[in-house]
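Enquirer: Quick one: the structure is below, and I'll ask about it shortly.
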Amino acid sequence: MSRESARAVIAQALGQGRINLTADEAGEICRSYGLPLPAERVARNAEEAAAAAGEIGYPVALKVLSSQITHKSDAGALALGLTSDEGVRGAYDRIVAAARAYDPSATIDGVLVQQMARPGREVIVGAVTDPTFGKVIMFGLGGIFVETFKDVTFALAPVSPARARELPGEIQGAAILRGVRGEKPADIEALAGIIEKVSQLVSELPEIDELDLNPVIAYEDGALAVD
């Protein structure tokens with residue numbers, strides 16, 4: 001997938017007057033920069049969702065596709081750990097209904113059927129645009145810990161390889177990544193690679209004002225940007 005495809009996605013969204021991307025559009029841009037994402041398919045109805053889950057392999061997650069609904073959990077518009085075609089069909093209908101109830105004016109483009117990632121240590125890698133400093137890269141504990149602990153650190157983009165390796169060690173919860181109670185250390189090189197790619201992405205695509213990869217699941221042998 002070429003970088004030009006990323007620019008085409010952005011141009012299409014702007015041409016439609018949209019300021020947010022859907023999950024599949026964001027995934028296409030991330031993949032064009034080599035970011036590691038789970039396997040996923042777009043489904044427009046319950047049968048397509050079940051077929052997509054069969055192609056990907058169970059267990060899977062379902063997430064609403066709508067540029068107007070950016071916080072899917074708040075809308076109740078996602079389902080995790082689905083293990084059967086019947087479960088996927090039912091989850092599709094529930095998600096679409098929940099999304100319409102949450103925002104009746106939102107355009108619902110279907111759902112994203114996504115491979116469930118195995119458990120690991122959850123971090124966030126993001127970027128914001130500061131009016132003074134420009135693009136700023138963020139790294140910290142992810143998942144539910146983002147709002148709870150706000151344990152994050154920042155660096156100006158573009159981020160060098162050396163600086164990218166430093167960021168995971170700057171948060172207060174760095175010991176979680178180094179390994180506690182017999183756990184093996186998380187793959188810091190893989191996390192640094194994600195930080196570098198996000199830095200490059202937002203530096204080369206100035207139209208992107210804000211980006212969150214949360215959670216990024218860190219393993220001892222790699223990392224995966226799940227959402």
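Residue numbers start at 1 in each chain; chains themselves are named A, B, ... in the order of the structure tokens; ligands are numbered from 1 in the order shown.
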Which neighbours of Gly120 (chain A) fall inside 6 Å, counting only C-alpha atoms, when residues of the same chain fewer than 2 positions from it are skipped, and could you give them as a ChimeraX atom specification?

Expert: /A:217-219

Enquirer: Which residues, written as a ChimeraX atom specification, have at least one atom at most 10 Å from Leu35 (chain A), with only C-alpha atoms counted and residues fewer than 6 positions away on the same chain left out?

Expert: /A:27-29,193-198,201,223-225

Enquirer: Just write the chosen residues, N, CA and C atoms, as an mmCIF file, in the first residue's frame.

Expert:
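Saved to selection18.cif:
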data_model
loop_
_atom_site.group_PDB
_atom_site.id
_atom_site.type_symbol
_atom_site.label_atom_id
_atom_site.label_comp_id
_atom_site.auth_asym_id
_atom_site.auth_seq_id
_atom_site.Cartn_x
_atom_site.Cartn_y
_atom_site.Cartn_z
ATOM 1 N N GLY A 27 -7.188 2.887 9.462
ATOM 2 C CA GLY A 27 -6.363 1.690 9.316
ATOM 3 C C GLY A 27 -5.615 1.670 7.999
ATOM 4 N N GLU A 28 -6.265 2.119 6.936
ATOM 5 C CA GLU A 28 -5.597 2.152 5.628
ATOM 6 C C GLU A 28 -4.397 3.099 5.662
ATOM 7 N N ILE A 29 -4.571 4.248 6.293
ATOM 8 C CA ILE A 29 -3.459 5.193 6.402
ATOM 9 C C ILE A 29 -2.332 4.604 7.247
ATOM 10 N N GLY A 193 9.649 1.528 17.080
ATOM 11 C CA GLY A 193 9.321 1.546 15.655
ATOM 12 C C GLY A 193 7.954 2.148 15.393
ATOM 13 N N ILE A 194 6.986 1.839 16.254
ATOM 14 C CA ILE A 194 5.649 2.423 16.112
ATOM 15 C C ILE A 194 5.704 3.929 16.344
ATOM 16 N N ILE A 195 6.432 4.352 17.361
ATOM 17 C CA ILE A 195 6.581 5.790 17.638
ATOM 18 C C ILE A 195 7.179 6.507 16.432
ATOM 19 N N GLU A 196 8.225 5.937 15.851
ATOM 20 C CA GLU A 196 8.855 6.546 14.672
ATOM 21 C C GLU A 196 7.880 6.646 13.506
ATOM 22 N N LYS A 197 7.124 5.574 13.269
ATOM 23 C CA LYS A 197 6.188 5.571 12.132
ATOM 24 C C LYS A 197 5.068 6.592 12.336
ATOM 25 N N VAL A 198 4.552 6.708 13.562
ATOM 26 C CA VAL A 198 3.534 7.714 13.829
ATOM 27 C C VAL A 198 4.104 9.113 13.613
ATOM 28 N N LEU A 201 4.319 9.680 9.936
ATOM 29 C CA LEU A 201 2.985 9.810 9.363
ATOM 30 C C LEU A 201 2.443 11.227 9.544
ATOM 31 N N ALA A 223 4.616 -5.796 18.794
ATOM 32 C CA ALA A 223 3.542 -4.938 19.313
ATOM 33 C C ALA A 223 2.486 -4.813 18.219
ATOM 34 N N LEU A 224 1.241 -4.530 18.627
ATOM 35 C CA LEU A 224 0.126 -4.468 17.699
ATOM 36 C C LEU A 224 -0.762 -3.291 18.063
ATOM 37 N N ALA A 225 -1.074 -2.433 17.079
ATOM 38 C CA ALA A 225 -1.958 -1.291 17.295
ATOM 39 C C ALA A 225 -3.398 -1.757 17.074
#

Enquirer: Mind dumping a table of every region 130-221 of chain A residue within 10 Å of region 15-23 of chain A, with the nearest atom pair and its distance in Å to one decimal, using only C-alpha atoms, sorted by chain and rising number, as JSON lines?

Expert:
{"residue": "A:Glu207", "atom": "CA", "partner": "A:Ile19", "partner_atom": "CA", "distance": 9.7}
{"residue": "A:Ile208", "atom": "CA", "partner": "A:Ile19", "partner_atom": "CA", "distance": 9.4}
{"residue": "A:Asp209", "atom": "CA", "partner": "A:Ile19", "partner_atom": "CA", "distance": 9.4}
{"residue": "A:Glu210", "atom": "CA", "partner": "A:Asn20", "partner_atom": "CA", "distance": 9.6}

Enquirer: Enter the distance from CA of Val60 (chain A) to CA of Val42 (chain A), in Å, rounded to one decimal.

Expert: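 The value is 12.7 Å.
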
Enquirer: Mind the document's chain letters and residue numbers, and return as a ChimeraX atom specification the residues of region 121-185 of chain A that DSSP labels strand (DSSP E).

Expert: /A:121-130,134-141,152-156

Enquirer: Can you list, as an MDAnalysis selection string, every residue of region 21-220 of chain A that DSSP puts in helix (DSSP H, G or I)?

Expert: chainID A and resid 23:32 46:56 72:75 85:102 145:149 161:169 174:178 188:204
